[in-house]
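Below is run_10.cif, holding mmCIF, N, CA and C atoms and all ligand atoms.
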data_upload
#
loop_
_atom_site.group_PDB
_atom_site.id
_atom_site.type_symbol
_atom_site.label_atom_id
_atom_site.label_comp_id
_atom_site.auth_asym_id
_atom_site.auth_seq_id
_atom_site.Cartn_x
_atom_site.Cartn_y
_atom_site.Cartn_z
ATOM 1 N N MET A 1340 -159.940 -138.957 -17.616
ATOM 2 C CA MET A 1340 -160.769 -140.095 -18.065
ATOM 3 C C MET A 1340 -160.034 -141.401 -17.811
ATOM 4 N N MET A 1341 -160.776 -142.361 -17.277
ATOM 5 C CA MET A 1341 -160.163 -143.666 -17.026
ATOM 6 C C MET A 1341 -160.019 -144.433 -18.332
ATOM 7 N N PRO A 1342 -158.898 -145.147 -18.475
ATOM 8 C CA PRO A 1342 -158.704 -145.943 -19.710
ATOM 9 C C PRO A 1342 -159.885 -146.847 -20.000
ATOM 10 N N LEU A 1343 -160.471 -147.445 -18.967
ATOM 11 C CA LEU A 1343 -161.594 -148.364 -19.193
ATOM 12 C C LEU A 1343 -162.763 -147.623 -19.817
ATOM 13 N N GLU A 1344 -163.030 -146.422 -19.343
ATOM 14 C CA GLU A 1344 -164.159 -145.679 -19.898
ATOM 15 C C GLU A 1344 -163.880 -145.268 -21.337
ATOM 16 N N PHE A 1345 -162.631 -145.012 -21.631
ATOM 17 C CA PHE A 1345 -162.282 -144.637 -22.993
ATOM 18 C C PHE A 1345 -162.653 -145.759 -23.950
ATOM 19 N N TYR A 1346 -162.320 -146.982 -23.577
ATOM 20 C CA TYR A 1346 -162.626 -148.111 -24.455
ATOM 21 C C TYR A 1346 -164.125 -148.366 -24.527
ATOM 22 N N ARG A 1347 -164.809 -148.088 -23.430
ATOM 23 C CA ARG A 1347 -166.266 -148.288 -23.441
ATOM 24 C C ARG A 1347 -166.940 -147.370 -24.433
ATOM 25 N N ASN A 1348 -166.363 -146.191 -24.613
ATOM 26 C CA ASN A 1348 -166.997 -145.204 -25.485
ATOM 27 C C ASN A 1348 -166.791 -145.511 -26.956
ATOM 28 N N ILE A 1349 -165.940 -146.463 -27.254
ATOM 29 C CA ILE A 1349 -165.754 -146.830 -28.654
ATOM 30 C C ILE A 1349 -166.967 -147.636 -29.125
ATOM 31 N N PRO A 1350 -167.681 -147.130 -30.101
ATOM 32 C CA PRO A 1350 -168.864 -147.844 -30.581
ATOM 33 C C PRO A 1350 -168.482 -149.163 -31.222
ATOM 34 N N GLY A 1351 -169.161 -150.234 -30.810
ATOM 35 C CA GLY A 1351 -168.869 -151.538 -31.373
ATOM 36 C C GLY A 1351 -169.488 -151.682 -32.740
ATOM 37 N N LYS A 1352 -168.913 -152.550 -33.519
ATOM 38 C CA LYS A 1352 -169.504 -152.818 -34.828
ATOM 39 C C LYS A 1352 -170.746 -153.674 -34.646
ATOM 40 N N GLU A 1353 -171.668 -153.505 -35.570
ATOM 41 C CA GLU A 1353 -172.877 -154.319 -35.510
ATOM 42 C C GLU A 1353 -172.966 -155.200 -36.740
ATOM 43 N N CYS A 1354 -173.437 -156.398 -36.535
ATOM 44 C CA CYS A 1354 -173.614 -157.330 -37.644
ATOM 45 C C CYS A 1354 -174.638 -156.755 -38.617
ATOM 46 N N CYS A 1355 -174.316 -156.738 -39.902
ATOM 47 C CA CYS A 1355 -175.236 -156.170 -40.885
ATOM 48 C C CYS A 1355 -176.381 -157.132 -41.178
ATOM 49 N N GLN A 1356 -176.300 -158.347 -40.655
ATOM 50 C CA GLN A 1356 -177.350 -159.337 -40.900
ATOM 51 C C GLN A 1356 -178.364 -159.369 -39.761
ATOM 52 N N CYS A 1357 -177.878 -159.482 -38.516
ATOM 53 C CA CYS A 1357 -178.795 -159.638 -37.391
ATOM 54 C C CYS A 1357 -178.702 -158.477 -36.404
ATOM 55 N N GLY A 1358 -177.731 -157.594 -36.586
ATOM 56 C CA GLY A 1358 -177.634 -156.433 -35.713
ATOM 57 C C GLY A 1358 -176.933 -156.704 -34.402
ATOM 58 N N ALA A 1359 -176.426 -157.918 -34.220
ATOM 59 C CA ALA A 1359 -175.712 -158.246 -32.989
ATOM 60 C C ALA A 1359 -174.375 -157.521 -32.966
ATOM 61 N N GLN A 1360 -173.960 -157.154 -31.764
ATOM 62 C CA GLN A 1360 -172.685 -156.462 -31.657
ATOM 63 C C GLN A 1360 -171.551 -157.429 -31.953
ATOM 64 N N ILE A 1361 -170.609 -156.968 -32.764
ATOM 65 C CA ILE A 1361 -169.479 -157.821 -33.139
ATOM 66 C C ILE A 1361 -168.305 -157.519 -32.232
ATOM 67 N N ILE A 1362 -167.780 -158.549 -31.605
ATOM 68 C CA ILE A 1362 -166.599 -158.386 -30.773
ATOM 69 C C ILE A 1362 -165.378 -158.319 -31.672
ATOM 70 N N GLU A 1363 -164.639 -157.245 -31.529
ATOM 71 C CA GLU A 1363 -163.480 -157.042 -32.389
ATOM 72 C C GLU A 1363 -162.483 -158.184 -32.226
ATOM 73 N N GLN A 1364 -162.143 -158.789 -33.343
ATOM 74 C CA GLN A 1364 -161.162 -159.865 -33.321
ATOM 75 C C GLN A 1364 -160.165 -159.639 -34.453
ATOM 76 N N HIS A 1365 -159.380 -160.642 -34.719
ATOM 77 C CA HIS A 1365 -158.386 -160.487 -35.778
ATOM 78 C C HIS A 1365 -159.052 -160.341 -37.144
ATOM 79 N N GLU A 1366 -160.265 -160.870 -37.262
ATOM 80 C CA GLU A 1366 -160.979 -160.752 -38.534
ATOM 81 C C GLU A 1366 -162.011 -159.631 -38.448
ATOM 82 N N SER A 1367 -161.565 -158.464 -38.006
ATOM 83 C CA SER A 1367 -162.495 -157.374 -37.741
ATOM 84 C C SER A 1367 -162.997 -156.726 -39.023
ATOM 85 N N TYR A 1368 -162.515 -157.155 -40.173
ATOM 86 C CA TYR A 1368 -162.982 -156.539 -41.426
ATOM 87 C C TYR A 1368 -164.311 -157.113 -41.868
ATOM 88 N N HIS A 1369 -164.751 -158.179 -41.186
ATOM 89 C CA HIS A 1369 -166.057 -158.736 -41.510
ATOM 90 C C HIS A 1369 -167.159 -157.834 -40.970
ATOM 91 N N SER A 1370 -168.260 -157.782 -41.683
ATOM 92 C CA SER A 1370 -169.377 -156.954 -41.233
ATOM 93 C C SER A 1370 -170.506 -157.813 -40.695
ATOM 94 N N GLU A 1371 -170.249 -159.110 -40.567
ATOM 95 C CA GLU A 1371 -171.245 -159.978 -39.951
ATOM 96 C C GLU A 1371 -170.646 -160.644 -38.711
ATOM 97 N N CYS A 1372 -171.505 -161.025 -37.781
ATOM 98 C CA CYS A 1372 -171.028 -161.728 -36.602
ATOM 99 C C CYS A 1372 -170.658 -163.163 -36.998
ATOM 100 N N GLU A 1373 -170.006 -163.835 -36.097
ATOM 101 C CA GLU A 1373 -169.559 -165.201 -36.421
ATOM 102 C C GLU A 1373 -170.738 -166.090 -36.786
ATOM 103 N N HIS A 1374 -171.860 -165.862 -36.125
ATOM 104 C CA HIS A 1374 -173.038 -166.689 -36.375
ATOM 105 C C HIS A 1374 -173.490 -166.544 -37.818
ATOM 106 N N CYS A 1375 -173.598 -165.317 -38.287
ATOM 107 C CA CYS A 1375 -174.063 -165.080 -39.650
ATOM 108 C C CYS A 1375 -172.991 -165.474 -40.655
ATOM 109 N N LEU A 1376 -171.741 -165.298 -40.300
ATOM 110 C CA LEU A 1376 -170.670 -165.706 -41.202
ATOM 111 C C LEU A 1376 -170.739 -167.200 -41.461
ATOM 112 N N SER A 1377 -171.054 -167.962 -40.446
ATOM 113 C CA SER A 1377 -171.141 -169.416 -40.613
ATOM 114 C C SER A 1377 -172.308 -169.770 -41.511
ATOM 115 N N LYS A 1378 -173.345 -168.953 -41.493
ATOM 116 C CA LYS A 1378 -174.490 -169.191 -42.384
ATOM 117 C C LYS A 1378 -174.092 -168.928 -43.824
ATOM 118 N N VAL A 1379 -173.378 -167.826 -44.036
ATOM 119 C CA VAL A 1379 -172.997 -167.428 -45.382
ATOM 120 C C VAL A 1379 -172.142 -168.504 -46.047
ATOM 121 N N GLU A 1380 -171.366 -169.172 -45.230
ATOM 122 C CA GLU A 1380 -170.462 -170.178 -45.798
ATOM 123 C C GLU A 1380 -171.208 -171.371 -46.383
ATOM 124 N N GLU A 1381 -172.451 -171.535 -45.992
ATOM 125 C CA GLU A 1381 -173.192 -172.684 -46.491
ATOM 126 C C GLU A 1381 -173.502 -172.555 -47.974
HETATM 127 ZN ZN ZN B 1401 -175.209 -161.714 -37.215
#
Translate this structure into structure tokens?
Ligand SMILES: [Zn+2]
Amino acid sequence: MMPLEFYRNIPGKECCQCGAQIIEQHESYHSECEHCLSKVEE
């Protein structure tokens, strides 16, 4: 198996608010995408 395919098979997290796929970042413990997180802060 190619390393690239291995990473592709990892299911991405989905935003619990809008269902958008969340790109893993340093704040990966959030369950919302950046867009929804900015809304919550209001
Ligand atoms: Zn969202």
Next item on the list: Show which residues sit within 8 Å of Gly1358 in chain A, as a PyMOL selection string. Count all atoms listed in the file, and ignore same-chain residues fewer than 6 positions away.
Entry: chain A and resi 1352+1371-1372
Check: What is the distance, in Å and to one decimal place, between atom N of Leu1343 in chain A and atom C of Ile1362 in chain A?
Finding: 17.4 Å
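Proximity of A:Lys1378, A:Ser1370, A:Cys1354, A:Met1341 to ligand ZN 1401 (chain B), computed with only C-alpha atoms and all ligand atoms, is greatest for A:Cys1354.
Across the model, the gap from atom C of Cys1375 in chain A to atom C of Gln1360 in chain A is 11.9 Å.
Atom pair atom N of Gln1356 in chain A / atom ZN of ligand ZN 1401 (chain B) has a distance of 4.9 Å (rounded to one decimal).
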